[in-house]
$ cat target27.cif   # mmCIF, N, CA and C atoms and all ligand atoms
data_final
#
loop_
_atom_site.label_atom_id
_atom_site.label_comp_id
_atom_site.auth_asym_id
_atom_site.auth_seq_id
_atom_site.Cartn_x
_atom_site.Cartn_y
_atom_site.Cartn_z
N MET A 28 96.54 13.61 31.24
CA MET A 28 96.48 15.07 31.31
C MET A 28 97.61 15.68 30.51
N VAL A 29 97.26 16.68 29.71
CA VAL A 29 98.26 17.39 28.92
C VAL A 29 98.06 18.88 29.15
N LEU A 30 98.85 19.43 30.08
CA LEU A 30 98.68 20.85 30.40
C LEU A 30 99.41 21.72 29.39
N GLN A 31 98.77 22.84 29.09
CA GLN A 31 99.37 23.78 28.15
C GLN A 31 99.08 25.19 28.63
N CYS A 32 100.12 26.01 28.70
CA CYS A 32 99.95 27.41 29.11
C CYS A 32 99.11 28.13 28.08
N ILE A 33 98.09 28.88 28.57
CA ILE A 33 97.18 29.57 27.65
C ILE A 33 97.91 30.67 26.89
N ASN A 34 99.03 31.14 27.42
CA ASN A 34 99.81 32.18 26.75
C ASN A 34 100.78 31.59 25.73
N GLY A 35 100.84 30.25 25.68
CA GLY A 35 101.70 29.61 24.70
C GLY A 35 103.18 29.87 24.93
N CYS A 36 103.60 29.98 26.19
CA CYS A 36 105.00 30.31 26.44
C CYS A 36 105.87 29.06 26.41
N GLY A 37 105.27 27.89 26.24
CA GLY A 37 106.04 26.67 26.09
C GLY A 37 106.55 26.08 27.39
N SER A 38 106.06 26.60 28.51
CA SER A 38 106.51 26.11 29.81
C SER A 38 106.05 24.68 30.04
N ASP A 39 106.89 23.88 30.72
CA ASP A 39 106.43 22.56 31.12
C ASP A 39 106.43 22.43 32.64
N ARG A 40 106.34 23.57 33.33
CA ARG A 40 106.20 23.57 34.77
C ARG A 40 104.94 24.32 35.16
N PHE A 41 104.12 23.66 35.95
CA PHE A 41 102.84 24.26 36.32
C PHE A 41 102.64 24.11 37.82
N GLU A 42 101.88 25.05 38.38
CA GLU A 42 101.57 24.99 39.80
C GLU A 42 100.11 24.61 39.96
N ALA A 43 99.85 23.60 40.79
CA ALA A 43 98.48 23.16 41.03
C ALA A 43 97.92 23.93 42.22
N LEU A 44 96.88 24.72 41.96
CA LEU A 44 96.21 25.46 43.03
C LEU A 44 95.01 24.66 43.51
N ASN A 45 94.59 24.92 44.73
CA ASN A 45 93.42 24.25 45.31
C ASN A 45 93.55 22.73 45.27
N ALA A 46 94.76 22.21 45.39
CA ALA A 46 94.94 20.76 45.39
C ALA A 46 95.32 20.33 46.80
N PRO A 47 94.34 19.75 47.54
CA PRO A 47 94.63 19.34 48.91
C PRO A 47 95.69 18.24 48.95
N VAL A 48 96.62 18.39 49.88
CA VAL A 48 97.65 17.37 50.08
C VAL A 48 97.29 16.61 51.35
N PHE A 49 97.12 15.30 51.22
CA PHE A 49 96.75 14.48 52.37
C PHE A 49 98.00 13.84 52.97
N VAL A 50 98.10 13.92 54.30
CA VAL A 50 99.24 13.31 54.99
C VAL A 50 98.72 12.38 56.07
N ASP A 51 99.54 11.42 56.48
CA ASP A 51 99.14 10.55 57.58
C ASP A 51 99.51 11.20 58.90
N SER A 52 99.28 10.50 60.02
CA SER A 52 99.49 11.10 61.33
C SER A 52 100.95 11.45 61.58
N ALA A 53 101.86 10.87 60.79
CA ALA A 53 103.27 11.20 60.93
C ALA A 53 103.69 12.33 60.00
N GLY A 54 102.70 12.83 59.24
CA GLY A 54 103.01 13.94 58.35
C GLY A 54 103.57 13.52 57.01
N ASN A 55 103.55 12.22 56.73
CA ASN A 55 104.06 11.75 55.44
C ASN A 55 102.99 11.89 54.38
N LEU A 56 103.43 12.23 53.19
CA LEU A 56 102.50 12.42 52.09
C LEU A 56 101.76 11.12 51.77
N VAL A 57 100.44 11.18 51.79
CA VAL A 57 99.63 10.02 51.44
C VAL A 57 99.09 10.16 50.03
N GLN A 58 98.51 11.32 49.78
CA GLN A 58 97.88 11.51 48.49
C GLN A 58 97.81 12.98 48.16
N LEU A 59 97.98 13.26 46.88
CA LEU A 59 97.80 14.62 46.39
C LEU A 59 96.58 14.60 45.49
N ASP A 60 95.52 15.28 45.96
CA ASP A 60 94.27 15.25 45.19
C ASP A 60 94.26 16.41 44.20
N THR A 61 94.54 16.11 42.94
CA THR A 61 94.57 17.17 41.93
C THR A 61 93.29 17.21 41.09
N SER A 62 92.26 16.44 41.54
CA SER A 62 91.07 16.33 40.71
C SER A 62 90.33 17.65 40.59
N ARG A 63 90.41 18.49 41.62
CA ARG A 63 89.71 19.77 41.54
C ARG A 63 90.68 20.94 41.40
N ALA A 64 91.92 20.62 41.05
CA ALA A 64 92.95 21.65 41.03
C ALA A 64 92.80 22.58 39.84
N THR A 65 93.26 23.79 40.05
CA THR A 65 93.40 24.74 38.96
C THR A 65 94.90 24.88 38.72
N TYR A 66 95.31 24.86 37.47
CA TYR A 66 96.73 24.92 37.17
C TYR A 66 97.11 26.26 36.57
N VAL A 67 98.23 26.76 37.04
CA VAL A 67 98.76 27.99 36.44
C VAL A 67 100.19 27.73 36.00
N CYS A 68 100.60 28.44 34.97
CA CYS A 68 101.94 28.33 34.42
C CYS A 68 102.95 28.85 35.45
N ALA A 69 103.99 28.08 35.71
CA ALA A 69 104.99 28.48 36.70
C ALA A 69 105.93 29.54 36.14
N VAL A 70 105.91 29.75 34.84
CA VAL A 70 106.82 30.73 34.23
C VAL A 70 106.16 32.09 34.13
N CYS A 71 104.97 32.15 33.49
CA CYS A 71 104.37 33.45 33.24
C CYS A 71 103.12 33.68 34.08
N GLY A 72 102.67 32.67 34.82
CA GLY A 72 101.51 32.84 35.70
C GLY A 72 100.18 32.73 34.98
N GLY A 73 100.23 32.41 33.69
CA GLY A 73 98.98 32.27 32.93
C GLY A 73 98.24 31.01 33.31
N VAL A 74 96.96 30.99 32.98
CA VAL A 74 96.15 29.81 33.26
C VAL A 74 96.63 28.67 32.36
N ALA A 75 96.68 27.45 32.92
CA ALA A 75 97.05 26.28 32.13
C ALA A 75 95.80 25.46 31.85
N LEU A 76 95.65 25.04 30.63
CA LEU A 76 94.49 24.25 30.24
C LEU A 76 94.91 22.81 30.00
N ASP A 77 94.03 21.88 30.40
CA ASP A 77 94.26 20.46 30.11
C ASP A 77 93.72 20.18 28.71
N VAL A 78 94.60 20.21 27.73
CA VAL A 78 94.13 20.05 26.35
C VAL A 78 93.64 18.63 26.09
N ALA A 79 94.11 17.66 26.86
CA ALA A 79 93.64 16.28 26.70
C ALA A 79 92.18 16.18 27.12
N ALA A 80 91.84 16.82 28.25
CA ALA A 80 90.45 16.80 28.72
C ALA A 80 89.55 17.55 27.76
N ALA A 81 90.05 18.65 27.21
CA ALA A 81 89.26 19.42 26.27
C ALA A 81 88.95 18.60 25.03
N ALA A 82 89.95 17.84 24.57
CA ALA A 82 89.74 16.99 23.39
C ALA A 82 88.75 15.88 23.70
N ARG A 83 88.84 15.31 24.92
CA ARG A 83 87.89 14.26 25.33
C ARG A 83 86.47 14.80 25.32
N GLU A 84 86.31 16.01 25.89
CA GLU A 84 85.00 16.61 25.97
C GLU A 84 84.41 16.82 24.57
N MET A 85 85.28 17.25 23.66
CA MET A 85 84.84 17.51 22.30
C MET A 85 84.37 16.22 21.65
N GLN A 86 85.11 15.12 21.90
CA GLN A 86 84.73 13.83 21.33
C GLN A 86 83.38 13.38 21.87
N GLN A 87 83.19 13.56 23.20
CA GLN A 87 81.92 13.15 23.80
C GLN A 87 80.78 13.94 23.20
N ARG A 88 80.99 15.26 23.01
CA ARG A 88 79.93 16.09 22.45
C ARG A 88 79.60 15.60 21.04
N GLU A 89 80.62 15.20 20.29
CA GLU A 89 80.37 14.73 18.94
C GLU A 89 79.59 13.42 18.94
N SER A 90 79.91 12.54 19.91
CA SER A 90 79.31 11.22 19.90
C SER A 90 77.84 11.25 20.28
N ILE A 91 77.38 12.31 20.98
CA ILE A 91 75.96 12.35 21.35
C ILE A 91 75.15 13.13 20.33
N GLU A 92 75.81 13.61 19.29
CA GLU A 92 75.07 14.29 18.25
C GLU A 92 74.18 13.28 17.52
N PRO A 93 72.97 13.69 17.19
CA PRO A 93 72.08 12.77 16.49
C PRO A 93 72.68 12.36 15.16
N GLN A 94 72.52 11.10 14.83
CA GLN A 94 73.10 10.58 13.61
C GLN A 94 72.12 10.61 12.46
N THR A 95 70.91 11.09 12.70
CA THR A 95 69.94 11.21 11.63
C THR A 95 69.60 12.68 11.43
N LEU A 96 69.16 13.00 10.23
CA LEU A 96 68.79 14.37 9.90
C LEU A 96 67.34 14.39 9.45
N ILE A 97 66.70 15.52 9.65
CA ILE A 97 65.32 15.68 9.21
C ILE A 97 65.29 16.73 8.10
N CYS A 98 64.67 16.40 6.99
CA CYS A 98 64.53 17.35 5.90
C CYS A 98 63.67 18.52 6.38
N PRO A 99 64.17 19.76 6.29
CA PRO A 99 63.39 20.91 6.76
C PRO A 99 62.18 21.18 5.88
N ALA A 100 62.16 20.62 4.67
CA ALA A 100 61.04 20.91 3.76
C ALA A 100 59.90 19.92 3.94
N CYS A 101 60.22 18.60 3.99
CA CYS A 101 59.14 17.62 4.03
C CYS A 101 59.16 16.77 5.30
N GLY A 102 60.19 16.92 6.14
CA GLY A 102 60.21 16.21 7.41
C GLY A 102 60.68 14.77 7.33
N THR A 103 61.19 14.36 6.18
CA THR A 103 61.69 12.99 6.05
C THR A 103 62.95 12.79 6.88
N GLU A 104 62.96 11.71 7.67
CA GLU A 104 64.14 11.40 8.47
C GLU A 104 65.10 10.57 7.64
N MET A 105 66.38 10.93 7.67
CA MET A 105 67.36 10.17 6.88
C MET A 105 68.66 10.05 7.65
N MET A 106 69.42 9.02 7.28
CA MET A 106 70.72 8.81 7.90
C MET A 106 71.73 9.77 7.27
N LEU A 107 72.76 10.10 8.05
CA LEU A 107 73.86 10.85 7.47
C LEU A 107 74.52 9.99 6.41
N PRO A 108 74.92 10.57 5.29
CA PRO A 108 75.59 9.78 4.26
C PRO A 108 76.87 9.15 4.81
N GLU A 109 76.94 7.82 4.70
CA GLU A 109 78.05 7.11 5.33
C GLU A 109 79.39 7.43 4.68
N ASP A 110 79.35 7.66 3.37
CA ASP A 110 80.62 7.93 2.68
C ASP A 110 81.10 9.35 2.93
N ASP A 111 80.20 10.23 3.41
CA ASP A 111 80.58 11.62 3.66
C ASP A 111 79.80 12.17 4.84
N PRO A 112 80.07 11.66 6.07
CA PRO A 112 79.28 12.03 7.25
C PRO A 112 79.42 13.50 7.62
N LEU A 113 80.42 14.19 7.09
CA LEU A 113 80.60 15.60 7.43
C LEU A 113 80.12 16.51 6.30
N ALA A 114 79.34 15.94 5.38
CA ALA A 114 78.85 16.72 4.26
C ALA A 114 78.08 17.94 4.75
N GLU A 115 78.37 19.08 4.16
CA GLU A 115 77.72 20.32 4.60
C GLU A 115 76.37 20.50 3.92
N LEU A 116 76.28 20.04 2.67
CA LEU A 116 75.04 20.23 1.93
C LEU A 116 74.48 18.86 1.54
N LEU A 117 73.22 18.63 1.89
CA LEU A 117 72.61 17.33 1.64
C LEU A 117 71.38 17.51 0.76
N GLU A 118 71.01 16.41 0.12
CA GLU A 118 69.82 16.47 -0.72
C GLU A 118 68.81 15.46 -0.21
N CYS A 119 67.59 15.92 0.00
CA CYS A 119 66.54 15.03 0.47
C CYS A 119 66.18 14.05 -0.64
N PRO A 120 66.18 12.74 -0.34
CA PRO A 120 65.86 11.74 -1.37
C PRO A 120 64.39 11.76 -1.77
N VAL A 121 63.55 12.39 -0.96
CA VAL A 121 62.11 12.41 -1.24
C VAL A 121 61.71 13.63 -2.06
N CYS A 122 62.08 14.83 -1.58
CA CYS A 122 61.61 16.05 -2.25
C CYS A 122 62.74 16.81 -2.94
N SER A 123 63.97 16.25 -2.88
CA SER A 123 65.12 16.86 -3.55
C SER A 123 65.50 18.22 -3.00
N GLN A 124 64.99 18.56 -1.83
CA GLN A 124 65.37 19.83 -1.18
C GLN A 124 66.82 19.75 -0.75
N HIS A 125 67.58 20.81 -1.03
CA HIS A 125 68.95 20.90 -0.55
C HIS A 125 68.96 21.63 0.79
N PHE A 126 69.65 21.07 1.75
CA PHE A 126 69.74 21.73 3.05
C PHE A 126 71.05 21.36 3.71
N SER A 127 71.51 22.21 4.62
CA SER A 127 72.76 21.95 5.32
C SER A 127 72.51 20.96 6.45
N SER A 128 73.57 20.25 6.85
CA SER A 128 73.42 19.28 7.94
C SER A 128 73.00 19.98 9.23
N ASP A 129 73.40 21.25 9.40
CA ASP A 129 73.00 22.00 10.58
C ASP A 129 71.50 22.21 10.62
N GLU A 130 70.93 22.54 9.48
CA GLU A 130 69.47 22.73 9.42
C GLU A 130 68.74 21.45 9.81
N GLY A 131 69.23 20.32 9.31
CA GLY A 131 68.61 19.04 9.62
C GLY A 131 68.70 18.71 11.09
N ARG A 132 69.83 19.06 11.71
CA ARG A 132 70.00 18.77 13.14
C ARG A 132 69.13 19.66 13.98
N GLN A 133 69.03 20.94 13.62
CA GLN A 133 68.23 21.85 14.42
C GLN A 133 66.78 21.39 14.49
N ARG A 134 66.27 20.94 13.37
CA ARG A 134 64.90 20.44 13.34
C ARG A 134 64.76 19.24 14.27
N LEU A 135 65.78 18.38 14.27
CA LEU A 135 65.74 17.18 15.10
C LEU A 135 65.73 17.56 16.58
N LEU A 136 66.56 18.53 16.96
CA LEU A 136 66.62 18.95 18.35
C LEU A 136 65.28 19.55 18.78
N GLY A 137 64.63 20.31 17.86
CA GLY A 137 63.35 20.91 18.20
C GLY A 137 62.30 19.87 18.52
N ASP A 138 62.39 18.70 17.85
CA ASP A 138 61.37 17.67 18.03
C ASP A 138 61.44 16.98 19.38
N VAL A 139 62.59 17.05 20.07
CA VAL A 139 62.70 16.33 21.34
C VAL A 139 62.33 17.22 22.52
N ARG A 140 61.88 18.44 22.24
CA ARG A 140 61.44 19.31 23.32
C ARG A 140 60.27 18.67 24.05
N PRO A 141 60.24 18.73 25.37
CA PRO A 141 59.09 18.16 26.11
C PRO A 141 57.81 18.88 25.71
N THR A 142 56.75 18.10 25.48
CA THR A 142 55.51 18.69 24.96
C THR A 142 54.50 18.98 26.06
N GLY A 143 54.70 18.44 27.25
CA GLY A 143 53.71 18.69 28.29
C GLY A 143 54.20 18.21 29.64
N ASP A 144 53.56 18.64 30.67
CA ASP A 144 53.91 18.23 32.02
C ASP A 144 53.08 17.03 32.42
N PRO A 145 53.72 15.87 32.65
CA PRO A 145 52.95 14.65 32.97
C PRO A 145 52.18 14.77 34.29
N ASP A 146 52.62 15.68 35.18
CA ASP A 146 51.92 15.83 36.46
C ASP A 146 50.54 16.44 36.31
N LEU A 147 50.27 17.02 35.16
CA LEU A 147 48.98 17.68 34.97
C LEU A 147 47.86 16.68 34.78
N ASN A 148 48.15 15.41 34.49
CA ASN A 148 47.11 14.43 34.22
C ASN A 148 46.45 13.94 35.51
ZN ZN B 201 103.20 30.45 30.53
ZN ZN B 202 62.42 16.49 1.83
#
$ encode --input "target27.cif" --output "structure tokens"
Amino acid sequence: MVLQCINGCGSDRFEALNAPVFVDSAGNLVQLDTSRATYVCAVCGGVALDVAAAAREMQQRESIEPQTLICPACGTEMMLPEDDPLAELLECPVCSQHFSSDEGRQRLLGDVRPTGDPDLN
């Protein structure tokens, strides 16, 4: 976890809200459950964000992105160019249509839409 004040005040002290503290029958601290905690900056009171978790989420979102593109003109499926996987403009090897990688992905996402309700059969 890497907490960062949203106001960018540079504080390294944060308060964990909604974090239940578990104690044993003698009142000694057993566990501090911070899994559902909300963090606020102890200096300015701003919301603190876990930038490590945000980066992890971003990586996961990237990894589930389809690795193939569909030509919007002729529908040919092709792999992302390995030497330039972030290329913004691609050329279809079949019809020579130029299209952005976003266009190719949108077409791909449209194709996985459910086409019917299986319960109707
Ligand atoms: Zn702050
Ligand atoms: Zn094409």
$ residues_near_ligand --input "target27.cif" --ligand "ligand ZN 202 (chain B)" --cutoff "8 Å" --atoms "only N, CA and C atoms and all ligand atoms" --output "list of chain:residue names"
A:Ile97, A:Cys98, A:Pro99, A:Ala100, A:Cys101, A:Gly102, A:Thr103, A:Glu104, A:Glu118, A:Cys119, A:Pro120, A:Val121, A:Cys122, A:Ser123, A:Gln124, A:His125
$ atom_distance --input "target27.cif" --atom1 "atom C of Asp129 in chain A" --atom2 "atom C of Arg88 in chain A"
14.8 Å
$ closest_atom_pairs --input "target27.cif" --of "chain A" --to "ligand ZN 201 (chain B)" --cutoff "5 Å" --atoms "all atoms listed in the file" --output "Markdown table"
| residue | atom | partner | partner_atom | distance |
| --- | --- | --- | --- | --- |
| A:Cys32 | CA | B:ZN201 | ZN | 4.7 |
| A:Cys36 | N | B:ZN201 | ZN | 4.4 |
| A:Cys68 | CA | B:ZN201 | ZN | 4.6 |
| A:Val70 | C | B:ZN201 | ZN | 4.9 |
| A:Cys71 | N | B:ZN201 | ZN | 3.8 |
| A:Gly72 | N | B:ZN201 | ZN | 4.9 |
| A:Gly73 | N | B:ZN201 | ZN | 4.8 |
$ residues_around --input "target27.cif" --residues "Val78 in chain A" --least-positions-apart "3" --cutoff "7 Å" --atoms "only C-alpha atoms" --output "PyMOL selection string"
chain A and resi 29-31+81-82
$ atom_distance --input "target27.cif" --atom1 "CA of Asn34 in chain A" --atom2 "CA of Ala46 in chain A"
22.4 Å
$ atom_distance --input "target27.cif" --atom1 "atom C of Val48 in chain A" --atom2 "CA of Thr61 in chain A"
9.8 Å
$ residues_around --input "target27.cif" --residues "Asp60 in chain A" --least-positions-apart "2" --cutoff "5 Å" --atoms "only N, CA and C atoms" --output "ChimeraX atom specification"
/A:46-47,58,62
$ closest_residue --input "target27.cif" --among "A:Leu117, A:Ala64, A:Leu96, A:Ala80" --to "Asn45 in chain A" --atoms "only N, CA and C atoms"
A:Ala64
$ closest_residue --input "target27.cif" --among "A:Leu107, A:Val74, A:Ala69, A:Leu56" --to "Arg40 in chain A" --atoms "all atoms listed in the file"
A:Ala69
